[in-house]
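Peer 1: Below is start_0.cif; it holds mmCIF, C-alpha atoms.
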data_my_file
#
loop_
_atom_site.label_atom_id
_atom_site.label_comp_id
_atom_site.auth_asym_id
_atom_site.auth_seq_id
_atom_site.Cartn_x
_atom_site.Cartn_y
_atom_site.Cartn_z
CA MET A 205 7.44 49.84 71.28
CA ASN A 206 4.34 49.50 69.05
CA LYS A 207 6.20 47.05 66.83
CA LYS A 208 7.18 44.92 69.83
CA LEU A 209 3.59 44.84 71.08
CA SER A 210 2.38 43.95 67.60
CA ASN A 211 4.82 41.03 67.46
CA LEU A 212 3.69 39.86 70.89
CA PHE A 213 -0.08 40.09 70.30
CA LYS A 214 -0.18 38.27 66.99
CA GLY A 215 -3.29 36.93 65.35
CA ASP A 216 -6.86 38.19 65.24
CA LYS A 217 -7.07 41.48 67.16
CA VAL A 218 -10.81 41.11 67.87
CA ILE A 219 -10.21 37.81 69.66
CA TRP A 220 -7.47 39.48 71.69
CA MET A 221 -9.90 42.22 72.72
CA ILE A 222 -12.59 39.70 73.68
CA PHE A 223 -10.04 37.72 75.69
CA PHE A 224 -8.94 40.77 77.68
CA PHE A 225 -12.54 41.88 78.32
CA LEU A 226 -13.46 38.40 79.60
CA CYS A 227 -10.37 38.33 81.82
CA LEU A 228 -11.22 41.76 83.22
CA VAL A 229 -14.78 40.65 84.01
CA SER A 230 -13.37 37.47 85.56
CA ILE A 231 -10.96 39.27 87.88
CA ILE A 232 -13.60 41.73 89.08
CA GLU A 233 -16.40 39.22 89.57
CA VAL A 234 -14.26 36.45 91.06
CA PHE A 235 -12.86 38.93 93.57
CA SER A 236 -16.40 39.95 94.45
CA ALA A 237 -17.81 36.41 94.57
CA SER A 238 -14.98 34.84 96.59
CA SER A 239 -16.13 36.15 99.97
CA PHE A 240 -16.52 32.64 101.35
CA LEU A 241 -13.02 31.64 100.26
CA THR A 242 -11.72 34.87 101.79
CA PHE A 243 -13.43 34.05 105.09
CA LYS A 244 -12.28 30.42 105.00
CA GLY A 245 -8.68 31.23 104.14
CA GLY A 246 -8.39 34.34 106.27
CA SER A 247 -6.81 36.24 103.38
CA TYR A 248 -8.61 39.15 101.72
CA TRP A 249 -6.43 39.18 98.61
CA GLY A 250 -5.55 35.45 98.49
CA PRO A 251 -8.30 34.20 96.12
CA LEU A 252 -7.79 37.15 93.75
CA ILE A 253 -4.00 36.73 93.64
CA LYS A 254 -4.31 33.01 92.97
CA HIS A 255 -6.91 33.46 90.24
CA THR A 256 -4.94 36.27 88.58
CA SER A 257 -1.80 34.13 88.65
CA PHE A 258 -3.65 31.37 86.76
CA ILE A 259 -4.85 33.91 84.17
CA LEU A 260 -1.30 35.22 83.71
CA PHE A 261 0.04 31.68 83.41
CA GLY A 262 -2.72 30.97 80.87
CA LEU A 263 -1.74 34.13 78.98
CA GLY A 264 1.82 32.85 78.75
CA ALA A 265 0.62 29.47 77.52
CA MET A 266 -1.63 31.19 75.00
CA ILE A 267 1.24 33.25 73.58
CA CYS A 268 3.35 30.10 73.26
CA VAL A 269 0.59 28.22 71.43
CA LEU A 270 -0.25 31.06 69.04
CA ASN A 271 3.37 31.06 67.88
CA ILE A 272 3.11 27.41 66.84
CA PRO A 273 2.01 27.09 63.18
CA CYS A 274 -1.39 25.40 63.16
CA LYS A 275 -0.20 22.64 60.81
CA TYR A 276 1.81 21.19 63.70
CA PHE A 277 -1.33 20.69 65.82
CA LYS A 278 -1.92 17.46 63.87
CA ILE A 279 1.20 15.94 65.42
CA VAL A 280 -0.16 16.03 68.97
CA THR A 281 -3.60 14.62 68.14
CA PHE A 282 -2.91 10.91 68.64
CA PRO A 283 -0.69 11.31 71.74
CA LEU A 284 -3.31 13.58 73.32
CA LEU A 285 -6.09 11.08 72.58
CA LEU A 286 -4.08 8.24 74.07
CA VAL A 287 -3.10 10.18 77.19
CA SER A 288 -6.66 11.46 77.60
CA LEU A 289 -8.11 7.93 77.43
CA ILE A 290 -5.62 6.60 79.99
CA MET A 291 -6.33 9.48 82.39
CA LEU A 292 -10.11 9.20 81.96
CA LEU A 293 -10.01 5.48 82.80
CA PHE A 294 -7.73 6.13 85.75
CA VAL A 295 -9.92 8.88 87.18
CA LEU A 296 -13.04 6.77 86.63
CA PHE A 297 -11.81 4.11 89.06
CA PHE A 298 -9.26 5.89 91.24
CA GLY A 299 -10.04 9.60 90.87
CA GLU A 300 -10.83 12.04 93.63
CA SER A 301 -14.49 12.88 94.10
CA THR A 302 -16.22 16.22 93.63
CA ASN A 303 -19.82 16.34 94.81
CA GLY A 304 -20.06 12.57 94.46
CA ALA A 305 -18.46 12.37 91.00
CA SER A 306 -14.96 11.03 90.39
CA ARG A 307 -13.53 13.69 88.09
CA TRP A 308 -10.18 14.70 89.54
CA MET A 309 -6.65 13.40 89.52
CA GLY A 310 -3.44 14.85 90.84
CA ILE A 311 0.10 14.90 89.46
CA ALA A 312 2.91 16.45 91.48
CA GLY A 313 0.37 18.14 93.75
CA ILE A 314 -1.57 19.69 90.85
CA GLN A 315 -5.27 18.79 90.68
CA PHE A 316 -7.04 18.79 87.31
CA GLN A 317 -9.90 17.21 85.37
CA PRO A 318 -8.71 14.96 82.52
CA SER A 319 -11.96 15.76 80.68
CA GLU A 320 -10.65 19.30 80.08
CA ILE A 321 -7.72 17.88 78.11
CA ALA A 322 -9.90 15.25 76.45
CA LYS A 323 -12.22 17.92 75.01
CA GLY A 324 -9.39 19.54 73.08
CA ALA A 325 -7.97 16.18 71.98
CA LEU A 326 -11.33 15.07 70.58
CA ILE A 327 -11.88 18.32 68.68
CA LEU A 328 -8.42 17.98 67.14
CA ALA A 329 -9.15 14.39 66.14
CA VAL A 330 -12.57 15.16 64.61
CA ALA A 331 -11.15 18.11 62.66
CA GLN A 332 -8.36 15.92 61.32
CA ILE A 333 -10.72 13.08 60.32
CA LEU A 334 -13.17 15.40 58.56
CA SER A 335 -10.32 17.14 56.78
CA ALA A 336 -8.59 13.95 55.63
CA MET A 337 -11.81 12.35 54.32
CA GLN A 338 -13.23 15.26 52.33
CA THR A 339 -14.30 14.69 48.74
CA GLU A 340 -15.71 16.98 46.07
CA HIS A 341 -19.22 16.22 47.35
CA GLY A 342 -18.53 16.53 51.09
CA ALA A 343 -17.19 14.08 53.63
CA ASP A 344 -16.83 10.44 52.69
CA LYS A 345 -19.40 8.16 54.31
CA GLN A 346 -16.62 6.40 56.22
CA ALA A 347 -15.76 9.66 57.97
CA PHE A 348 -18.98 9.32 59.98
CA TRP A 349 -17.87 5.97 61.42
CA TRP A 350 -14.35 7.17 62.15
CA VAL A 351 -15.67 10.21 64.01
CA LEU A 352 -18.24 8.09 65.86
CA GLY A 353 -15.65 5.52 66.96
CA THR A 354 -13.10 8.09 68.04
CA SER A 355 -15.71 10.11 69.93
CA SER A 356 -17.05 7.02 71.70
CA ILE A 357 -13.75 6.09 73.34
CA ILE A 358 -13.52 9.59 74.84
CA ILE A 359 -17.15 10.45 75.56
CA ILE A 360 -18.25 7.17 77.18
CA PRO A 361 -15.75 7.32 80.10
CA ILE A 362 -16.70 10.97 80.64
CA LEU A 363 -20.42 10.16 80.51
CA LEU A 364 -20.22 7.76 83.45
CA GLU A 365 -19.18 10.55 85.83
CA ASN A 366 -19.85 13.86 84.09
CA PHE A 367 -23.03 13.84 81.99
CA SER A 368 -23.00 17.57 81.19
CA THR A 369 -19.47 17.48 79.75
CA ALA A 370 -20.34 14.38 77.70
CA ALA A 371 -23.49 16.09 76.38
CA LEU A 372 -21.47 19.21 75.54
CA LEU A 373 -18.95 17.16 73.57
CA CYS A 374 -21.71 15.27 71.74
CA ALA A 375 -23.26 18.56 70.63
CA VAL A 376 -19.93 19.96 69.45
CA VAL A 377 -18.98 16.80 67.53
CA PHE A 378 -22.44 16.59 65.89
CA LEU A 379 -22.24 20.22 64.75
CA MET A 380 -18.69 19.70 63.48
CA MET A 381 -19.91 16.76 61.39
CA PHE A 382 -22.72 18.92 60.02
CA ILE A 383 -20.24 21.68 59.13
CA GLY A 384 -17.88 19.04 57.70
CA GLN A 385 -20.64 17.96 55.27
CA VAL A 386 -21.14 14.46 56.64
CA PRO A 387 -24.15 13.00 54.75
CA LEU A 388 -27.41 14.23 56.26
CA SER A 389 -28.89 10.73 56.10
CA GLN A 390 -26.22 9.51 58.51
CA LEU A 391 -26.67 12.50 60.82
CA GLY A 392 -30.45 11.97 60.82
CA LYS A 393 -30.07 8.32 61.81
CA LEU A 394 -27.59 9.32 64.51
CA MET A 395 -30.00 11.89 65.91
CA ALA A 396 -32.82 9.32 65.99
CA CYS A 397 -30.58 6.83 67.80
CA CYS A 398 -29.52 9.53 70.28
CA LEU A 399 -33.14 10.41 71.04
CA ILE A 400 -33.94 6.74 71.71
CA CYS A 401 -30.85 6.41 73.93
CA VAL A 402 -31.77 9.57 75.85
CA ALA A 403 -35.29 8.26 76.43
CA LEU A 404 -33.93 4.92 77.68
CA ALA A 405 -31.33 6.67 79.84
CA VAL A 406 -33.91 8.94 81.47
CA GLY A 407 -36.09 5.92 82.18
CA ALA A 408 -33.14 4.07 83.73
CA ILE A 409 -32.25 7.10 85.83
CA PHE A 410 -35.75 7.32 87.30
CA ILE A 411 -35.96 3.56 87.87
CA LEU A 412 -32.48 2.94 89.29
CA GLY A 413 -31.62 6.35 90.71
CA GLU A 414 -31.79 6.80 94.47
CA ASP A 415 -32.89 10.02 96.09
CA SER A 416 -29.83 12.24 96.31
CA LYS A 417 -28.66 14.25 99.26
CA PRO A 418 -29.56 17.94 99.54
CA GLU A 419 -27.38 20.36 97.61
CA PRO A 420 -24.43 21.68 99.60
CA THR A 421 -24.78 25.09 101.18
CA LYS A 422 -22.09 27.37 102.52
CA GLU A 423 -23.17 26.50 106.03
CA ASN A 424 -22.94 22.70 105.80
CA MET A 425 -20.30 21.84 103.20
CA VAL A 426 -16.65 21.19 103.97
CA LEU A 427 -14.48 22.92 101.41
CA THR A 428 -11.12 21.78 100.21
CA GLU A 429 -10.02 24.27 97.58
CA VAL A 430 -8.55 22.65 94.51
CA SER A 431 -7.27 24.09 91.29
CA SER A 432 -10.74 24.54 89.87
CA ASN A 433 -12.08 25.77 93.21
CA SER A 434 -14.87 23.20 93.46
CA VAL A 435 -16.10 21.28 96.46
CA GLN A 436 -13.94 18.22 97.00
CA GLU A 437 -14.94 15.21 99.05
CA GLU A 438 -13.22 11.95 99.78
CA ALA A 439 -13.45 9.67 96.76
CA PRO A 440 -16.23 7.10 97.05
CA LYS A 441 -14.90 3.60 97.51
CA GLY A 442 -16.59 0.53 96.17
CA LYS A 443 -19.45 2.34 94.42
CA ASN A 444 -20.80 1.00 91.18
CA LEU A 445 -20.98 2.99 87.96
CA LEU A 446 -24.63 3.86 88.58
CA HIS A 447 -24.03 5.96 91.70
CA ARG A 448 -24.53 9.18 89.70
CA PHE A 449 -28.09 8.24 88.74
CA GLY A 450 -29.46 9.65 91.99
CA THR A 451 -27.91 13.06 91.35
CA TRP A 452 -29.19 13.17 87.76
CA LYS A 453 -32.66 12.09 88.88
CA SER A 454 -32.80 14.86 91.46
CA ARG A 455 -31.67 17.54 89.01
CA ILE A 456 -34.14 16.51 86.30
CA THR A 457 -37.00 16.32 88.79
CA LYS A 458 -36.23 19.72 90.31
CA HIS A 459 -36.00 21.38 86.92
CA PHE A 460 -39.22 20.08 85.38
CA LEU A 461 -41.54 19.97 88.39
CA PRO A 462 -43.49 23.17 89.13
CA ASP A 463 -41.94 25.39 91.78
CA PRO A 464 -43.56 25.06 95.20
CA PRO A 465 -45.09 28.14 96.87
CA PRO A 466 -42.56 30.32 98.75
CA GLU A 467 -43.71 29.17 102.19
CA LYS A 468 -43.03 25.52 101.26
CA TYR A 469 -39.73 26.05 99.45
CA ASP A 470 -36.87 24.06 101.02
CA LEU A 471 -34.02 26.53 100.94
CA ASP A 472 -31.51 23.98 102.23
CA LYS A 473 -32.44 21.33 99.67
CA ASP A 474 -32.53 23.67 96.66
CA ALA A 475 -29.98 26.21 97.86
CA GLN A 476 -28.11 26.83 94.62
CA VAL A 477 -31.16 27.43 92.43
CA ALA A 478 -32.90 29.48 95.13
CA HIS A 479 -30.02 31.84 95.83
CA ALA A 480 -29.24 32.20 92.11
CA ASN A 481 -32.84 33.30 91.53
CA ILE A 482 -32.68 35.67 94.49
CA ALA A 483 -29.46 37.17 93.10
CA ILE A 484 -31.13 37.81 89.74
CA ILE A 485 -34.19 39.39 91.39
CA LYS A 486 -32.00 41.61 93.56
CA SER A 487 -30.34 43.05 90.45
CA ASN A 488 -33.47 45.16 89.94
CA VAL A 489 -32.62 45.27 86.20
CA ILE A 490 -29.84 47.87 86.56
CA GLY A 491 -27.71 45.92 89.05
CA ARG A 492 -26.35 46.67 92.51
CA GLY A 493 -22.88 47.65 91.28
CA PRO A 494 -19.60 45.67 91.18
CA GLY A 495 -18.68 44.31 94.60
CA ASN A 496 -22.14 44.86 96.10
CA SER A 497 -23.58 41.36 95.74
CA GLU A 498 -25.36 39.96 98.78
CA GLU A 499 -26.08 36.45 97.53
CA ARG A 500 -22.38 35.67 97.07
CA ASP A 501 -22.35 34.99 100.83
CA PHE A 502 -25.05 32.31 100.50
CA LEU A 503 -24.69 30.89 96.97
CA SER A 504 -22.52 27.79 96.72
CA GLN A 505 -20.00 28.04 93.85
CA ALA A 506 -20.77 31.75 93.42
CA PHE A 507 -17.24 32.18 92.07
CA SER A 508 -17.48 29.25 89.65
CA ASP A 509 -20.58 27.46 88.35
CA PHE A 510 -23.01 30.26 89.31
CA ILE A 511 -20.85 33.31 88.69
CA PHE A 512 -23.24 34.50 85.95
CA ALA A 513 -25.95 34.97 88.59
CA ILE A 514 -23.56 37.23 90.52
CA ILE A 515 -22.76 39.13 87.31
CA ILE A 516 -26.48 39.77 86.82
CA GLU A 517 -26.93 40.85 90.44
CA GLU A 518 -24.06 43.32 90.27
CA THR A 519 -24.22 44.61 86.69
CA GLY A 520 -27.88 44.08 85.83
CA ILE A 521 -29.39 42.84 82.57
CA GLY A 522 -27.17 45.18 80.56
CA GLY A 523 -23.94 43.76 81.99
CA ALA A 524 -25.15 40.19 81.52
CA ALA A 525 -26.07 40.96 77.89
CA VAL A 526 -22.59 42.37 77.26
CA VAL A 527 -20.98 39.19 78.62
CA ALA A 528 -23.24 37.03 76.44
CA LEU A 529 -22.45 39.23 73.44
CA LEU A 530 -18.72 38.69 73.95
CA TYR A 531 -19.18 34.94 73.51
CA VAL A 532 -21.38 35.50 70.44
CA ILE A 533 -18.69 37.69 68.87
CA LEU A 534 -16.02 35.12 69.78
CA PHE A 535 -17.99 32.40 67.99
CA MET A 536 -18.66 34.61 64.96
CA ARG A 537 -14.98 35.50 64.80
CA ALA A 538 -14.04 31.82 64.91
CA GLY A 539 -16.42 31.28 61.99
CA ARG A 540 -14.84 34.14 60.05
CA ILE A 541 -11.37 32.70 60.66
CA ALA A 542 -12.56 29.28 59.49
CA LYS A 543 -14.13 30.77 56.36
CA SER A 544 -10.88 32.49 55.42
CA CYS A 545 -8.81 29.28 55.65
CA ALA A 546 -7.73 27.68 52.38
CA ASN A 547 -7.32 24.25 54.01
CA THR A 548 -10.03 22.29 55.78
CA PHE A 549 -8.17 21.15 58.92
CA PRO A 550 -7.60 24.61 60.45
CA ALA A 551 -11.11 25.63 59.38
CA TYR A 552 -12.78 22.69 61.15
CA LEU A 553 -10.52 23.12 64.18
CA ALA A 554 -11.42 26.81 64.49
CA MET A 555 -15.13 26.00 64.31
CA GLY A 556 -14.75 23.20 66.84
CA ILE A 557 -13.05 25.49 69.36
CA GLY A 558 -15.58 28.25 68.77
CA LEU A 559 -18.48 25.83 69.25
CA LEU A 560 -16.96 24.36 72.41
CA LEU A 561 -16.47 27.73 74.14
CA ALA A 562 -19.79 29.22 73.00
CA ILE A 563 -21.97 26.20 73.86
CA GLN A 564 -20.36 25.77 77.28
CA ALA A 565 -20.79 29.48 78.02
CA PHE A 566 -24.45 29.61 77.08
CA PHE A 567 -25.22 26.37 78.89
CA ASN A 568 -23.69 27.85 82.05
CA MET A 569 -25.83 30.96 81.60
CA LEU A 570 -29.00 28.91 81.09
CA VAL A 571 -28.29 27.05 84.33
CA ALA A 572 -27.65 30.27 86.24
CA VAL A 573 -31.00 31.78 85.17
CA GLY A 574 -32.93 28.55 85.79
CA LEU A 575 -33.58 27.53 82.18
CA ALA A 576 -31.53 24.31 82.37
CA PRO A 577 -30.90 21.68 85.06
CA VAL A 578 -27.98 22.33 87.40
CA THR A 579 -24.65 21.05 86.08
CA GLY A 580 -21.01 21.63 86.88
CA GLN A 581 -20.03 23.56 83.75
CA PRO A 582 -18.05 26.74 84.54
CA LEU A 583 -18.23 29.92 82.48
CA PRO A 584 -15.17 29.81 80.18
CA LEU A 585 -12.46 32.36 80.99
CA ILE A 586 -14.64 33.96 83.70
CA SER A 587 -15.31 31.34 86.38
CA LYS A 588 -12.62 30.91 89.02
CA GLY A 589 -10.51 27.96 87.98
CA GLY A 590 -7.03 26.55 87.75
CA THR A 591 -6.17 24.16 84.97
CA SER A 592 -9.53 24.83 83.26
CA THR A 593 -8.59 28.52 82.94
CA ILE A 594 -5.20 27.63 81.49
CA ILE A 595 -6.66 25.14 79.02
CA ASN A 596 -9.29 27.65 77.85
CA CYS A 597 -6.44 30.11 77.26
CA ILE A 598 -4.72 27.43 75.17
CA TYR A 599 -7.90 27.07 73.09
CA ILE A 600 -7.82 30.83 72.44
CA GLY A 601 -4.14 30.50 71.54
CA MET A 602 -5.04 27.83 68.97
CA LEU A 603 -7.63 30.15 67.42
CA LEU A 604 -5.05 32.93 67.24
CA SER A 605 -2.50 30.57 65.70
CA ILE A 606 -5.01 29.59 62.99
CA SER A 607 -5.80 33.24 62.28
CA LYS A 608 -2.08 33.99 62.01
CA SER A 609 -0.51 30.97 60.33
CA ALA A 610 -3.23 29.17 58.33
CA LYS A 611 -3.06 29.67 54.58
CA LYS A 612 -5.76 32.09 53.46
CA ARG A 613 -7.98 31.70 50.42
CA GLY A 614 -6.65 34.89 48.83
CA GLU A 615 -3.08 33.62 49.21
CA THR A 616 -3.97 30.45 47.30
CA VAL A 617 -5.44 32.44 44.42
CA LYS A 618 -2.38 34.64 44.19
CA ALA A 619 -0.08 31.63 44.22
CA LYS A 620 -1.94 30.09 41.27
CA ALA A 621 -1.82 33.35 39.40
#
Give the structure from the file, written as structure tokens.
Peer 2:
Amino acid sequence: MNKKLSNLFKGDKVIWMIFFFLCLVSIIEVFSASSFLTFKGGSYWGPLIKHTSFILFGLGAMICVLNIPCKYFKIVTFPLLLVSLIMLLFVLFFGESTNGASRWMGIAGIQFQPSEIAKGALILAVAQILSAMQTEHGADKQAFWWVLGTSSIIIIPILLENFSTAALLCAVVFLMMFIGQVPLSQLGKLMACCLICVALAVGAIFILGEDSKPEPTKENMVLTEVSSNSVQEEAPKGKNLLHRFGTWKSRITKHFLPDPPPEKYDLDKDAQVAHANIAIIKSNVIGRGPGNSEERDFLSQAFSDFIFAIIIEETGIGGAAVVALLYVILFMRAGRIAKSCANTFPAYLAMGIGLLLAIQAFFNMLVAVGLAPVTGQPLPLISKGGTSTIINCIYIGMLLSISKSAKKRGETVKAKA
């Protein structure tokens, strides 16, 4: 029996433990935070059963991926990039809208965000470029332009509808280039150009952006549950590519302006931030206990984008710190796996996946505690989701495959001896 389990759970055992802990937290907290979905659907166990089924399906996908030798990941890079680009362009013009942003498409009744697939495709491509263009003194100068060009065709279509995902990918790609020893002079110039572009973009947002509508609350929004369990509206027809400027303007303004006094606070207009803050305050440091959240009944996306606020309310600062620590350990473990690889491709791929999961997780946490503007980034492997949960499981499967099948430095030394 032990031998069979060992053959099934191959790869890095620490990553397996982190995965199961995150899934356990996800099942408990999603069940607690899904009160509105329970009320809407009339089924007490429905949201939990659906979410657990996605986790189990993701587990199956993860086991399949970890049994694929990591050297074969190179084969799918170009097809994934091509498919991702086609889907991103399709969803940009014909996609279904979520909170005013066209991010969704459906195939055979299954709703998903192409950006989730595009993230993995881009990380694969960057890892392959950096690996192929390594020299004795670091990456060749041409690697910078290849990475920049490849990233642009994926990030720009995402940027037009989903700024936070585009920013996340930019950060991951930049850090991968730094790890891949791209010349610092090129990275410095890129950073300067990015700062100028950000300044111009913020100016354009405030000049061209219209005042956005109030944030949805559980009393006034019409929910259509999709695979990622977000709020879905009818896709906007005939809108130009600048229609998201109003939303970005509102979020930036709300985040950087001083908070009004309590008696003047518009709870309907700033519902998400307000109820997330109330949830954190109600934790009283030690937490109310699993299943005892009160703000889950008022906080929009309590089971998804703001689930970390519910975790704090129910488990206190200690529970929140444990969740954050799990992501830190996951990233450190990815780094250790990368360091042990004899070849550069699996090493850069492991670091890219670790960076993607860790940065997304901590950005979600910063939003939940009010330290970053509101975005739509879920908490990886914890937030209630459909295809996003499955794809995150596939990322973990890729890490496990690298830890299991990539040639190790010690093996290379022994072979030479």
Peer 1: Name the residues captured by the PyMOL selection byres ((chain A and resi 320) around 10) when it is applied to the shown file; answer as a list in words.
Peer 2: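 Going through the file, the PyMOL selection byres ((chain A and resi 320) around 10) ends up selecting Ser288, Phe316, Gln317, Pro318, Ser319, Ile321, Ala322, Lys323, Gly324, Ala325, Thr369, Thr591, Ser592, Thr593, Ile595 and Asn596 of chain A.
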Peer 1: On this structure, which residues satisfy the PyMOL selection byres ((chain A and resi 512) around 8), written as a list in words?
Peer 2: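 So the PyMOL selection byres ((chain A and resi 512) around 8), applied here, picks out Asp509, Phe510, Ile511, Ala513, Ile514, Ile515, Ile516, Ala524, Asn568, Met569, Ala572 and Leu583 of chain A.
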Peer 1: Using the chain letters and numbers from this file, what does the PyMOL selection byres ((chain A and resi 219-229) around 7) select? Give the answer as a PDB file with C-alpha atoms, keeping the file's coordinate frame.
Peer 2:
ATOM      1  CA  ASP A 216      -6.860  38.190  65.240  1.00  0.00           C
ATOM      2  CA  LYS A 217      -7.070  41.480  67.160  1.00  0.00           C
ATOM      3  CA  VAL A 218     -10.810  41.110  67.870  1.00  0.00           C
ATOM      4  CA  SER A 230     -13.370  37.470  85.560  1.00  0.00           C
ATOM      5  CA  ILE A 231     -10.960  39.270  87.880  1.00  0.00           C
ATOM      6  CA  ILE A 232     -13.600  41.730  89.080  1.00  0.00           C
ATOM      7  CA  GLU A 233     -16.400  39.220  89.570  1.00  0.00           C
ATOM      8  CA  LEU A 530     -18.720  38.690  73.950  1.00  0.00           C
ATOM      9  CA  LEU A 534     -16.020  35.120  69.780  1.00  0.00           C
ATOM     10  CA  LEU A 585     -12.460  32.360  80.990  1.00  0.00           C
ATOM     11  CA  ILE A 586     -14.640  33.960  83.700  1.00  0.00           C
TER      12      ILE A 586
END
Peer 1: Find the residues with any atom within 10 Å of (-15.2, 23.6, 61.6); use all atoms listed in the file and the coordinates as given in the file, and write the answer as a PyMOL selection string.
Peer 2: chain A and resi 327+330-331+334-335+376-377+379-384+538-539+541-543+548-559
Peer 1: Put the listed atoms of range 545-557 of chain A in a box along x, y and z with 5 Å added on every side and give me the centre and edge lengths in Å to one decimal, as JSON.
Peer 2:
{"center_x": -11.2, "center_y": 25.2, "center_z": 60.9, "size_x": 17.8, "size_y": 18.1, "size_z": 27.0}
Peer 1: Per residue of range 526-581 of chain A within 12 Å of range 479-487 of chain A, record the nearest atom pair and its distance in Å to one decimal, counting all atoms listed in the file, with rows in chain order and ascending residue number, as a tab-separated table.
Peer 2:
residue	atom	partner	partner_atom	distance
A:Met569	CA	A:Ala480	CA	11.1
A:Leu570	CA	A:Ala480	CA	11.5
A:Val571	CA	A:Ala480	CA	9.4
A:Ala572	CA	A:Ala480	CA	6.4
A:Val573	CA	A:Asn481	CA	6.8
A:Gly574	CA	A:Asn481	CA	7.5
A:Leu575	CA	A:Asn481	CA	11.0
A:Val578	CA	A:Ala480	CA	11.0
Peer 1: Step by step: start from the point (5.1, 28.4, 65.3) in the file's coordinates, keep every protein, DNA or RNA residue that has an atom no farther than 12 Å from it, count all atoms listed in the file, and write the set as a ChimeraX atom specification.
Peer 2: /A:214-215,267-277,601-602,604-606,608-610
Peer 1: Would you mind completing range 545-549 of chain A to all heavy atoms and writing the output as a compact mmCIF listing (two decimals), in the frame of the given file?
Peer 2:
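Wrote rebuild-v5.txt, looks like this:
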# COMPACT_ATOMS: atom_id res chain seq x y z
N CYS A 545 -9.86 30.28 55.80
CA CYS A 545 -8.81 29.28 55.65
C CYS A 545 -8.91 28.58 54.29
O CYS A 545 -10.01 28.21 53.86
CB CYS A 545 -8.90 28.23 56.76
SG CYS A 545 -8.51 28.86 58.40
N ALA A 546 -7.76 28.38 53.66
CA ALA A 546 -7.73 27.68 52.38
C ALA A 546 -7.81 26.17 52.58
O ALA A 546 -8.30 25.45 51.71
CB ALA A 546 -6.46 28.04 51.62
N ASN A 547 -7.32 25.68 53.72
CA ASN A 547 -7.32 24.25 54.01
C ASN A 547 -8.42 23.91 55.02
O ASN A 547 -8.81 24.74 55.85
CB ASN A 547 -5.96 23.81 54.54
CG ASN A 547 -4.84 24.08 53.54
OD1 ASN A 547 -5.01 23.82 52.35
ND2 ASN A 547 -3.73 24.62 54.01
N THR A 548 -8.88 22.67 54.97
CA THR A 548 -10.03 22.29 55.78
C THR A 548 -9.69 22.01 57.24
O THR A 548 -10.50 22.28 58.13
CB THR A 548 -10.72 21.05 55.18
OG1 THR A 548 -9.74 20.02 54.99
CG2 THR A 548 -11.36 21.39 53.85
N PHE A 549 -8.49 21.49 57.53
CA PHE A 549 -8.17 21.15 58.92
C PHE A 549 -8.23 22.36 59.85
O PHE A 549 -8.93 22.33 60.87
CB PHE A 549 -6.80 20.46 59.01
CG PHE A 549 -6.32 20.31 60.44
CD1 PHE A 549 -6.94 19.42 61.30
CD2 PHE A 549 -5.27 21.09 60.90
CE1 PHE A 549 -6.50 19.29 62.62
CE2 PHE A 549 -4.82 20.96 62.21
CZ PHE A 549 -5.45 20.05 63.07
